[in-house]
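Visitor: This is the structure, below, for whatever I ask next.
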Amino acid sequence: MKNLKIFFTISLFVIMASTNISAFELPDSFSGYKIPKPTAEIVNFDIDSISLTDVTLLFDVEITNPYPVKLSLSTVESTFFVENKQFFKTSTDKLKIKAKGKETTRLFVSLKYADMAKIVKDYKNKDSLECVVDMVVVLPLPKSVSKLAKDVTFKFKLKKEVPAIKPEINIANFTVVKPSLADIEEALKKARKNNLNADAVKNMFGAILDGKNPAKVIDPADLDLKLKVNFDVVMKNSTKAAIFFNDLKYDFKVNNSKLVDGSTKDIQNKAGEYILSISNEFSSKALGASILKAFNEGKGDFALTGYSMVKFPDKIKKTPLKLNFDEKGALSIK
């Protein structure tokens, strides 16, 4: 009878609570009996990262199980509102709760800018959007008392400002500096190709970079000739969001072949337009068929991956956010 009173009390006091970070708690006792109290809390709610297509939110859900048996299933249901308009619903049942233990599970949800723009009419005039999340956490109770109370439910209302972005990425001013005669001679010496005419090799590389198809004096892959490349990553944003780029760590491919990787801090932050300038070098060993084809045609496809630490206004986040790049497009080669 003692156990019946305890869990019947739980079933009576399962009241939906609304709070920002703490869960509703049952009374310490009822009619002289101590009541075991499962709890659920949102211990962290923040922006995890952003990309040029979406923003990812993270939720740390901490659940305490006071019972001596494992609770095999818990569910989290969330309804998202953007600027007071319902956006979408999501649910998960991946939370597992060990016996007499505490578990913190991190959940991620991505919100696409394009989807938000569809429901916010004046999206282009926004710098940020208010995202409200109505979250419901349902904790199951042990099967031995499931006839009296199957679960305990907690409600949370979470708010977060998210950036409004509508970006466009282009690669501009892509140029490769032609190697000097001294560069050629040094590369030939390192490769032990001193029998080749340095002027002929220089002319061959010059013609390749001009988009011509010269007579082959040597396979470019047989030399480790360093070629300097310069280009700008130009991002245009058509919303009012203020962004400040600190740096860019990148991996850059041409026609699916790696050309250069590295980082740059040569950045111009202008309202609505951001220019991230890259100056690097690559080895002639990288001049395989796909990249040679791009030079020959004066155009190709690029793929830019990497990330930048960017600063938004404090109402969005007080510390820099990681902005992930995974962009593809057409490339013009001068």
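Going by the structure tokens order, chains are called A, B, ..., each with residues numbered from 1, while ligands are numbered from 1 in the order shown.
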Counting only C-alpha atoms, what are the residues of stretch 110-195 of chain A within 10 Å of stretch 206-219 of chain A, and for each of them which pair of atoms is the nearest and at what distance in Å, to one decimal? Sort the table by chain and rising number, as a Markdown table.

Guide:
| residue | atom | partner | partner_atom | distance |
| --- | --- | --- | --- | --- |
| A:Thr175 | CA | A:Leu209 | CA | 9.0 |
| A:Val176 | CA | A:Leu209 | CA | 7.1 |
| A:Val177 | CA | A:Leu209 | CA | 8.4 |
| A:Lys178 | CA | A:Gly206 | CA | 5.9 |
| A:Pro179 | CA | A:Gly206 | CA | 7.6 |
| A:Ser180 | CA | A:Gly206 | CA | 9.5 |
| A:Lys193 | CA | A:Ile218 | CA | 9.5 |

Visitor: Those selected residues, please, written with N, CA, C and O atoms and delivered as a JSON list (two decimals), in the first residue's frame.

Guide:
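And here is the file that came out, selection-v2.json:
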[["chain", "number", "residue", "atom", "x", "y", "z"],
["A", 175, "THR", "N", 43.56, 34.44, -60.06],
["A", 175, "THR", "CA", 44.74, 34.54, -60.92],
["A", 175, "THR", "C", 45.87, 33.67, -60.37],
["A", 175, "THR", "O", 45.99, 33.48, -59.17],
["A", 176, "VAL", "N", 46.67, 33.14, -61.29],
["A", 176, "VAL", "CA", 47.88, 32.39, -60.92],
["A", 176, "VAL", "C", 49.06, 33.13, -61.51],
["A", 176, "VAL", "O", 49.09, 33.45, -62.71],
["A", 177, "VAL", "N", 50.04, 33.42, -60.68],
["A", 177, "VAL", "CA", 51.23, 34.16, -61.11],
["A", 177, "VAL", "C", 52.16, 33.21, -61.87],
["A", 177, "VAL", "O", 52.49, 32.11, -61.39],
["A", 178, "LYS", "N", 52.59, 33.65, -63.03],
["A", 178, "LYS", "CA", 53.49, 32.82, -63.83],
["A", 178, "LYS", "C", 54.86, 32.70, -63.14],
["A", 178, "LYS", "O", 55.35, 33.68, -62.57],
["A", 179, "PRO", "N", 55.44, 31.52, -63.18],
["A", 179, "PRO", "CA", 56.74, 31.33, -62.51],
["A", 179, "PRO", "C", 57.86, 32.06, -63.24],
["A", 179, "PRO", "O", 57.83, 32.20, -64.47],
["A", 180, "SER", "N", 58.83, 32.51, -62.48],
["A", 180, "SER", "CA", 59.99, 33.17, -63.08],
["A", 180, "SER", "C", 60.98, 32.12, -63.56],
["A", 180, "SER", "O", 60.88, 30.93, -63.23],
["A", 193, "LYS", "N", 66.52, 17.50, -63.05],
["A", 193, "LYS", "CA", 66.15, 17.57, -64.47],
["A", 193, "LYS", "C", 66.97, 18.67, -65.15],
["A", 193, "LYS", "O", 66.47, 19.42, -66.00]]

Visitor: Tell me, which residues of stretch 16-196 of chain A carry DSSP strand (DSSP E or B), written as JSON, numbers by chain?

Guide: {"A": [18, 19, 29, 30, 33, 34, 39, 40, 41, 42, 43, 44, 45, 46, 47, 48, 49, 50, 51, 54, 55, 56, 57, 58, 59, 60, 61, 62, 63, 64, 65, 71, 72, 73, 74, 75, 76, 77, 78, 79, 80, 81, 82, 85, 86, 87, 88, 89, 90, 91, 92, 93, 94, 95, 96, 97, 101, 102, 103, 104, 105, 106, 107, 108, 109, 110, 111, 112, 128, 129, 130, 131, 132, 133, 134, 135, 136, 137, 138, 139, 140, 151, 152, 153, 154, 155, 156, 157, 158, 159, 160, 161, 162, 163, 167, 168, 169, 170, 171, 172, 173, 174, 175, 176]}

Visitor: Leaving out A:Ser74 and any residue of its chain fewer than 2 positions from it, which residues lie within 8 Å of it when counting only C-alpha atoms, given as a list in words?

Guide: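 Non-adjacent residues within range: Leu71, Ser72, Val76, Asp93, Lys94, Leu95, Lys96, Ile97, Val137, Val138, Leu139 and Pro140 of chain A.
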
Visitor: So which one's closest to A:Asp314, A:Ala242, A:Asn197, A:Phe88, A:Lys202? Using only C-alpha atoms, please.

Guide: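 Among the listed residues, A:Ala242 lies closest to A:Asp314.
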
Visitor: Could the residues of stretch 67-147 of chain A that have an atom at most 10 Å from stretch 316-327 of chain A be listed as JSON lines, each with its closest atom pair and the distance in Å to one decimal, counting only C-alpha atoms and ordered by chain and ascending residue number?

Guide:
{"residue": "A:Asp127", "atom": "CA", "partner": "A:Ile316", "partner_atom": "CA", "distance": 9.8}
{"residue": "A:Ser128", "atom": "CA", "partner": "A:Ile316", "partner_atom": "CA", "distance": 7.6}
{"residue": "A:Leu129", "atom": "CA", "partner": "A:Ile316", "partner_atom": "CA", "distance": 9.2}
{"residue": "A:Glu130", "atom": "CA", "partner": "A:Ile316", "partner_atom": "CA", "distance": 9.6}

Visitor: Counting only C-alpha atoms, which of A:Asn173, A:Gln268, A:Thr92, A:Asn296 gets nearest to A:Phe244?

Guide: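 Result for the nearest residue to A:Phe244: A:Gln268.
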
Visitor: Can you measure atom CA of A:Phe174 to atom CA of A:Asp232 for me? One decimal in Å is fine.

Guide: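 Distance between the two atoms: 7.1 Å.
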
Visitor: Which polymer residues have any atom within 10 Å of an atom of stretch 247-264 of chain A, counting only C-alpha atoms, with same-chain residues fewer than 3 positions away left out, as a PyMOL selection string?

Guide: chain A and resi 229+233+244+267+276-295+299-310+323-331

Visitor: What is the atom CA of A:Met116 to atom CA of A:Glu273 distance in Å?

Guide: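 These two atoms are separated by 21.7 Å.
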
Visitor: DSSP on the backbone: which residues in stretch 65-231 of chain A end up as helix (DSSP H, G or I)? Give the answer as a PDB file with N, CA, C and O atoms, in the first residue's frame.

Guide:
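The resulting result_18.pdb:
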ATOM      1  N   TYR A 113      17.465  28.965 -43.395  1.00  0.00           N
ATOM      2  CA  TYR A 113      17.111  30.359 -43.658  1.00  0.00           C
ATOM      3  C   TYR A 113      16.024  30.451 -44.726  1.00  0.00           C
ATOM      4  O   TYR A 113      15.099  31.263 -44.621  1.00  0.00           O
ATOM      5  N   ALA A 114      16.143  29.636 -45.780  1.00  0.00           N
ATOM      6  CA  ALA A 114      15.181  29.705 -46.887  1.00  0.00           C
ATOM      7  C   ALA A 114      13.774  29.379 -46.403  1.00  0.00           C
ATOM      8  O   ALA A 114      12.802  30.000 -46.847  1.00  0.00           O
ATOM      9  N   ASP A 115      13.653  28.417 -45.483  1.00  0.00           N
ATOM     10  CA  ASP A 115      12.330  28.065 -44.950  1.00  0.00           C
ATOM     11  C   ASP A 115      11.773  29.179 -44.072  1.00  0.00           C
ATOM     12  O   ASP A 115      10.569  29.470 -44.105  1.00  0.00           O
ATOM     13  N   MET A 116      12.658  29.803 -43.278  1.00  0.00           N
ATOM     14  CA  MET A 116      12.192  30.914 -42.440  1.00  0.00           C
ATOM     15  C   MET A 116      11.771  32.098 -43.293  1.00  0.00           C
ATOM     16  O   MET A 116      10.802  32.798 -42.978  1.00  0.00           O
ATOM     17  N   ALA A 117      12.501  32.331 -44.391  1.00  0.00           N
ATOM     18  CA  ALA A 117      12.176  33.461 -45.270  1.00  0.00           C
ATOM     19  C   ALA A 117      10.792  33.300 -45.896  1.00  0.00           C
ATOM     20  O   ALA A 117      10.116  34.291 -46.194  1.00  0.00           O
ATOM     21  N   LYS A 118      10.355  32.049 -46.062  1.00  0.00           N
ATOM     22  CA  LYS A 118       9.049  31.806 -46.671  1.00  0.00           C
ATOM     23  C   LYS A 118       7.895  32.235 -45.771  1.00  0.00           C
ATOM     24  O   LYS A 118       6.818  32.581 -46.271  1.00  0.00           O
ATOM     25  N   ILE A 119       8.106  32.199 -44.458  1.00  0.00           N
ATOM     26  CA  ILE A 119       7.005  32.539 -43.549  1.00  0.00           C
ATOM     27  C   ILE A 119       7.143  33.933 -42.942  1.00  0.00           C
ATOM     28  O   ILE A 119       6.229  34.404 -42.275  1.00  0.00           O
ATOM     29  N   TYR A 123      11.467  39.431 -44.486  1.00  0.00           N
ATOM     30  CA  TYR A 123      12.725  38.773 -44.091  1.00  0.00           C
ATOM     31  C   TYR A 123      13.949  39.608 -44.475  1.00  0.00           C
ATOM     32  O   TYR A 123      14.891  39.731 -43.694  1.00  0.00           O
ATOM     33  N   LYS A 124      13.952  40.188 -45.665  1.00  0.00           N
ATOM     34  CA  LYS A 124      15.113  40.956 -46.129  1.00  0.00           C
ATOM     35  C   LYS A 124      15.384  42.182 -45.274  1.00  0.00           C
ATOM     36  O   LYS A 124      16.511  42.688 -45.255  1.00  0.00           O
ATOM     37  N   ASN A 125      14.372  42.669 -44.579  1.00  0.00           N
ATOM     38  CA  ASN A 125      14.548  43.851 -43.730  1.00  0.00           C
ATOM     39  C   ASN A 125      14.903  43.501 -42.288  1.00  0.00           C
ATOM     40  O   ASN A 125      14.985  44.379 -41.434  1.00  0.00           O
ATOM     41  N   LYS A 143       7.255   0.207 -15.064  1.00  0.00           N
ATOM     42  CA  LYS A 143       6.090  -0.590 -15.453  1.00  0.00           C
ATOM     43  C   LYS A 143       5.262  -1.051 -14.263  1.00  0.00           C
ATOM     44  O   LYS A 143       4.055  -1.245 -14.368  1.00  0.00           O
ATOM     45  N   SER A 144       5.895  -1.198 -13.108  1.00  0.00           N
ATOM     46  CA  SER A 144       5.178  -1.693 -11.929  1.00  0.00           C
ATOM     47  C   SER A 144       4.061  -0.760 -11.487  1.00  0.00           C
ATOM     48  O   SER A 144       3.145  -1.176 -10.779  1.00  0.00           O
ATOM     49  N   VAL A 145       4.146   0.499 -11.898  1.00  0.00           N
ATOM     50  CA  VAL A 145       3.104   1.456 -11.501  1.00  0.00           C
ATOM     51  C   VAL A 145       2.450   2.111 -12.711  1.00  0.00           C
ATOM     52  O   VAL A 145       1.783   3.125 -12.576  1.00  0.00           O
ATOM     53  N   LEU A 181      61.979  32.564 -64.310  1.00  0.00           N
ATOM     54  CA  LEU A 181      63.017  31.648 -64.786  1.00  0.00           C
ATOM     55  C   LEU A 181      63.787  31.071 -63.603  1.00  0.00           C
ATOM     56  O   LEU A 181      64.135  29.880 -63.608  1.00  0.00           O
ATOM     57  N   ALA A 182      64.028  31.891 -62.582  1.00  0.00           N
ATOM     58  CA  ALA A 182      64.738  31.412 -61.389  1.00  0.00           C
ATOM     59  C   ALA A 182      63.922  30.327 -60.678  1.00  0.00           C
ATOM     60  O   ALA A 182      64.475  29.340 -60.188  1.00  0.00           O
ATOM     61  N   ASP A 183      62.589  30.499 -60.658  1.00  0.00           N
ATOM     62  CA  ASP A 183      61.718  29.482 -60.050  1.00  0.00           C
ATOM     63  C   ASP A 183      61.836  28.160 -60.799  1.00  0.00           C
ATOM     64  O   ASP A 183      61.909  27.079 -60.192  1.00  0.00           O
ATOM     65  N   ILE A 184      61.835  28.251 -62.130  1.00  0.00           N
ATOM     66  CA  ILE A 184      61.935  27.060 -62.972  1.00  0.00           C
ATOM     67  C   ILE A 184      63.269  26.363 -62.741  1.00  0.00           C
ATOM     68  O   ILE A 184      63.335  25.131 -62.564  1.00  0.00           O
ATOM     69  N   GLU A 185      64.347  27.131 -62.751  1.00  0.00           N
ATOM     70  CA  GLU A 185      65.686  26.542 -62.588  1.00  0.00           C
ATOM     71  C   GLU A 185      65.821  25.845 -61.235  1.00  0.00           C
ATOM     72  O   GLU A 185      66.423  24.759 -61.137  1.00  0.00           O
ATOM     73  N   GLU A 186      65.277  26.440 -60.185  1.00  0.00           N
ATOM     74  CA  GLU A 186      65.354  25.824 -58.859  1.00  0.00           C
ATOM     75  C   GLU A 186      64.565  24.519 -58.818  1.00  0.00           C
ATOM     76  O   GLU A 186      65.020  23.518 -58.250  1.00  0.00           O
ATOM     77  N   ALA A 187      63.375  24.522 -59.432  1.00  0.00           N
ATOM     78  CA  ALA A 187      62.550  23.318 -59.450  1.00  0.00           C
ATOM     79  C   ALA A 187      63.211  22.211 -60.255  1.00  0.00           C
ATOM     80  O   ALA A 187      63.169  21.035 -59.866  1.00  0.00           O
ATOM     81  N   LEU A 188      63.826  22.555 -61.383  1.00  0.00           N
ATOM     82  CA  LEU A 188      64.528  21.556 -62.198  1.00  0.00           C
ATOM     83  C   LEU A 188      65.714  20.970 -61.440  1.00  0.00           C
ATOM     84  O   LEU A 188      65.984  19.761 -61.517  1.00  0.00           O
ATOM     85  N   LYS A 189      66.400  21.827 -60.707  1.00  0.00           N
ATOM     86  CA  LYS A 189      67.560  21.371 -59.932  1.00  0.00           C
ATOM     87  C   LYS A 189      67.128  20.375 -58.850  1.00  0.00           C
ATOM     88  O   LYS A 189      67.759  19.326 -58.668  1.00  0.00           O
ATOM     89  N   LYS A 190      66.036  20.687 -58.142  1.00  0.00           N
ATOM     90  CA  LYS A 190      65.536  19.795 -57.097  1.00  0.00           C
ATOM     91  C   LYS A 190      65.074  18.463 -57.656  1.00  0.00           C
ATOM     92  O   LYS A 190      65.202  17.412 -57.019  1.00  0.00           O
ATOM     93  N   ALA A 198      65.505  25.392 -69.340  1.00  0.00           N
ATOM     94  CA  ALA A 198      64.668  26.125 -68.401  1.00  0.00           C
ATOM     95  C   ALA A 198      63.731  27.101 -69.113  1.00  0.00           C
ATOM     96  O   ALA A 198      62.566  27.274 -68.703  1.00  0.00           O
ATOM     97  N   ASP A 199      64.209  27.736 -70.183  1.00  0.00           N
ATOM     98  CA  ASP A 199      63.349  28.678 -70.923  1.00  0.00           C
ATOM     99  C   ASP A 199      62.163  27.956 -71.562  1.00  0.00           C
ATOM    100  O   ASP A 199      61.039  28.467 -71.569  1.00  0.00           O
ATOM    101  N   ALA A 200      62.410  26.760 -72.076  1.00  0.00           N
ATOM    102  CA  ALA A 200      61.338  25.987 -72.708  1.00  0.00           C
ATOM    103  C   ALA A 200      60.292  25.577 -71.674  1.00  0.00           C
ATOM    104  O   ALA A 200      59.082  25.614 -71.942  1.00  0.00           O
ATOM    105  N   VAL A 201      60.769  25.180 -70.496  1.00  0.00           N
ATOM    106  CA  VAL A 201      59.845  24.793 -69.425  1.00  0.00           C
ATOM    107  C   VAL A 201      59.047  26.010 -68.964  1.00  0.00           C
ATOM    108  O   VAL A 201      57.835  25.924 -68.723  1.00  0.00           O
ATOM    109  N   LYS A 202      59.724  27.146 -68.853  1.00  0.00           N
ATOM    110  CA  LYS A 202      59.048  28.381 -68.442  1.00  0.00           C
ATOM    111  C   LYS A 202      57.950  28.748 -69.437  1.00  0.00           C
ATOM    112  O   LYS A 202      56.829  29.115 -69.051  1.00  0.00           O
ATOM    113  N   ASN A 203      58.250  28.643 -70.718  1.00  0.00           N
ATOM    114  CA  ASN A 203      57.255  28.966 -71.750  1.00  0.00           C
ATOM    115  C   ASN A 203      56.076  27.996 -71.697  1.00  0.00           C
ATOM    116  O   ASN A 203      54.926  28.389 -71.938  1.00  0.00           O
ATOM    117  N   MET A 204      56.371  26.729 -71.389  1.00  0.00           N
ATOM    118  CA  MET A 204      55.292  25.736 -71.301  1.00  0.00           C
ATOM    119  C   MET A 204      54.318  26.094 -70.180  1.00  0.00           C
ATOM    120  O   MET A 204      53.096  26.094 -70.384  1.00  0.00           O
ATOM    121  N   PHE A 205      54.870  26.412 -69.010  1.00  0.00           N
ATOM    122  CA  PHE A 205      53.993  26.762 -67.891  1.00  0.00           C
ATOM    123  C   PHE A 205      53.239  28.060 -68.157  1.00  0.00           C
ATOM    124  O   PHE A 205      52.066  28.196 -67.787  1.00  0.00           O
ATOM    125  N   GLY A 206      53.911  29.017 -68.793  1.00  0.00           N
ATOM    126  CA  GLY A 206      53.250  30.266 -69.135  1.00  0.00           C
ATOM    127  C   GLY A 206      52.070  30.039 -70.063  1.00  0.00           C
ATOM    128  O   GLY A 206      50.997  30.633 -69.882  1.00  0.00           O
ATOM    129  N   ALA A 207      52.247  29.135 -71.032  1.00  0.00           N
ATOM    130  CA  ALA A 207      51.175  28.837 -71.971  1.00  0.00           C
ATOM    131  C   ALA A 207      50.020  28.113 -71.274  1.00  0.00           C
ATOM    132  O   ALA A 207      48.839  28.380 -71.536  1.00  0.00           O
ATOM    133  N   ILE A 208      50.352  27.188 -70.373  1.00  0.00           N
ATOM    134  CA  ILE A 208      49.304  26.469 -69.621  1.00  0.00           C
ATOM    135  C   ILE A 208      48.435  27.457 -68.850  1.00  0.00           C
ATOM    136  O   ILE A 208      47.204  27.392 -68.883  1.00  0.00           O
ATOM    137  N   LEU A 209      49.096  28.410 -68.179  1.00  0.00           N
ATOM    138  CA  LEU A 209      48.348  29.371 -67.362  1.00  0.00           C
ATOM    139  C   LEU A 209      47.599  30.383 -68.219  1.00  0.00           C
ATOM    140  O   LEU A 209      46.652  31.015 -67.737  1.00  0.00           O
ATOM    141  N   PRO A 220      54.012  18.356 -65.671  1.00  0.00           N
ATOM    142  CA  PRO A 220      54.024  19.243 -64.499  1.00  0.00           C
ATOM    143  C   PRO A 220      54.138  18.487 -63.174  1.00  0.00           C
ATOM    144  O   PRO A 220      54.716  18.998 -62.212  1.00  0.00           O
ATOM    145  N   ALA A 221      53.598  17.259 -63.134  1.00  0.00           N
ATOM    146  CA  ALA A 221      53.646  16.473 -61.901  1.00  0.00           C
ATOM    147  C   ALA A 221      55.054  15.986 -61.578  1.00  0.00           C
ATOM    148  O   ALA A 221      55.305  15.525 -60.459  1.00  0.00           O
ATOM    149  N   ASP A 222      55.990  16.091 -62.541  1.00  0.00           N
ATOM    150  CA  ASP A 222      57.374  15.667 -62.291  1.00  0.00           C
ATOM    151  C   ASP A 222      58.186  16.753 -61.583  1.00  0.00           C
ATOM    152  O   ASP A 222      59.342  16.519 -61.215  1.00  0.00           O
TER     153      ASP A 222
END

Visitor: Excluding stretch 155-168 of chain A and any residue of its chain fewer than 4 positions from it, enumerate the residues within 7 Å of it, using only C-alpha atoms, and give them as an MDAnalysis selection string.

Guide: chainID A and resid 16:20 52 113 126:137 235:239 241 315:316

Visitor: Go ahead and dump the residues you just picked, N, CA, C and O atoms, as a CSV table (one decimal), in the first residue's frame.

Guide:
chain,number,residue,atom,x,y,z
A,16,MET,N,1.5,20.2,-15.8
A,16,MET,CA,2.3,20.8,-16.9
A,16,MET,C,2.9,22.1,-16.4
A,16,MET,O,2.2,23.1,-16.0
A,17,ALA,N,4.2,22.2,-16.3
A,17,ALA,CA,4.9,23.4,-15.8
A,17,ALA,C,5.5,24.2,-17.0
A,17,ALA,O,6.0,23.6,-17.9
A,18,SER,N,5.5,25.5,-16.9
A,18,SER,CA,6.2,26.3,-18.0
A,18,SER,C,7.3,27.1,-17.3
A,18,SER,O,7.0,27.9,-16.4
A,19,THR,N,8.5,26.9,-17.9
A,19,THR,CA,9.6,27.6,-17.3
A,19,THR,C,10.7,27.8,-18.3
A,19,THR,O,10.6,27.2,-19.4
A,20,ASN,N,11.7,28.5,-18.0
A,20,ASN,CA,12.8,28.7,-19.0
A,20,ASN,C,13.9,27.6,-18.9
A,20,ASN,O,14.3,27.0,-19.9
A,52,LEU,N,25.9,28.8,-44.3
A,52,LEU,CA,25.3,29.8,-45.2
A,52,LEU,C,23.9,29.4,-45.6
A,52,LEU,O,23.3,30.1,-46.4
A,113,TYR,N,17.5,29.0,-43.4
A,113,TYR,CA,17.1,30.4,-43.7
A,113,TYR,C,16.0,30.5,-44.7
A,113,TYR,O,15.1,31.3,-44.6
A,126,LYS,N,15.1,42.2,-42.0
A,126,LYS,CA,15.4,41.8,-40.7
A,126,LYS,C,16.9,41.6,-40.5
A,126,LYS,O,17.6,41.2,-41.5
A,127,ASP,N,17.4,41.8,-39.3
A,127,ASP,CA,18.8,41.4,-38.9
A,127,ASP,C,18.8,40.2,-38.1
A,127,ASP,O,19.8,39.4,-38.1
A,128,SER,N,17.7,39.9,-37.4
A,128,SER,CA,17.5,38.7,-36.7
A,128,SER,C,16.1,38.3,-36.5
A,128,SER,O,15.2,39.1,-36.8
A,129,LEU,N,15.8,37.1,-36.1
A,129,LEU,CA,14.4,36.6,-35.9
A,129,LEU,C,14.3,36.0,-34.5
A,129,LEU,O,15.2,35.4,-34.0
A,130,GLU,N,13.1,36.2,-33.9
A,130,GLU,CA,12.9,35.6,-32.6
A,130,GLU,C,12.4,34.2,-32.8
A,130,GLU,O,11.3,34.0,-33.5
A,131,CYS,N,13.1,33.2,-32.3
A,131,CYS,CA,12.7,31.8,-32.4
A,131,CYS,C,12.2,31.4,-31.0
A,131,CYS,O,12.9,31.5,-30.0
A,132,VAL,N,11.0,30.9,-30.9
A,132,VAL,CA,10.4,30.4,-29.6
A,132,VAL,C,10.2,28.9,-29.8
A,132,VAL,O,9.7,28.5,-30.8
A,133,VAL,N,10.6,28.2,-28.8
A,133,VAL,CA,10.5,26.7,-28.8
A,133,VAL,C,9.6,26.3,-27.6
A,133,VAL,O,10.0,26.6,-26.5
A,134,ASP,N,8.5,25.7,-27.9
A,134,ASP,CA,7.7,25.1,-26.9
A,134,ASP,C,8.1,23.6,-26.8
A,134,ASP,O,7.9,22.8,-27.8
A,135,MET,N,8.7,23.2,-25.7
A,135,MET,CA,9.3,21.9,-25.6
A,135,MET,C,8.6,21.1,-24.5
A,135,MET,O,8.3,21.6,-23.5
A,136,VAL,N,8.3,19.8,-24.8
A,136,VAL,CA,7.6,18.9,-23.9
A,136,VAL,C,8.5,17.7,-23.7
A,136,VAL,O,8.9,17.1,-24.7
A,137,VAL,N,8.9,17.5,-22.5
A,137,VAL,CA,9.7,16.3,-22.1
A,137,VAL,C,8.8,15.3,-21.3
A,137,VAL,O,8.2,15.7,-20.3
A,235,MET,N,31.2,37.4,-50.4
A,235,MET,CA,29.9,37.0,-49.9
A,235,MET,C,29.0,38.2,-49.8
A,235,MET,O,29.4,39.2,-49.2
A,236,LYS,N,27.9,38.2,-50.5
A,236,LYS,CA,26.9,39.2,-50.5
A,236,LYS,C,25.7,38.8,-49.7
A,236,LYS,O,25.2,37.7,-49.9
A,237,ASN,N,25.2,39.6,-48.8
A,237,ASN,CA,24.1,39.3,-47.9
A,237,ASN,C,23.0,40.3,-48.1
A,237,ASN,O,23.2,41.5,-48.0
A,238,SER,N,21.8,39.8,-48.5
A,238,SER,CA,20.7,40.8,-48.9
A,238,SER,C,19.8,41.1,-47.7
A,238,SER,O,18.8,41.8,-47.9
A,239,THR,N,20.1,40.7,-46.5
A,239,THR,CA,19.3,41.1,-45.3
A,239,THR,C,20.1,42.2,-44.5
A,239,THR,O,21.1,42.6,-44.9
A,241,ALA,N,21.3,41.8,-41.6
A,241,ALA,CA,22.2,41.2,-40.5
A,241,ALA,C,23.6,41.8,-40.6
A,241,ALA,O,24.2,41.9,-41.7
A,315,LYS,N,22.8,40.4,-29.0
A,315,LYS,CA,21.5,39.9,-28.8
A,315,LYS,C,21.3,38.5,-29.4
A,315,LYS,O,20.5,37.7,-29.0
A,316,ILE,N,22.2,38.2,-30.4
A,316,ILE,CA,22.2,36.8,-31.0
A,316,ILE,C,23.2,35.9,-30.2
A,316,ILE,O,22.9,34.9,-29.7

Visitor: Record the distance separating atom CA of A:Asn269 and atom CA of A:Ser110, expressed in Å with one decimal.

Guide: 26.4 Å

Visitor: Would you mind listing what lies within 7 Å of A:Ile47 as number ranges by chain, with only C-alpha atoms counted and same-chain residues fewer than 4 positions away left out?

Guide: A: 56-58

Visitor: Would you kindly return, as a ChimeraX atom specification, each protein, DNA or RNA residue with an atom no farther than 6 Å from any atom of A:Ile63, considering only C-alpha atoms and excluding same-chain residues fewer than 6 positions away?

Guide: /A:39-40,102-103
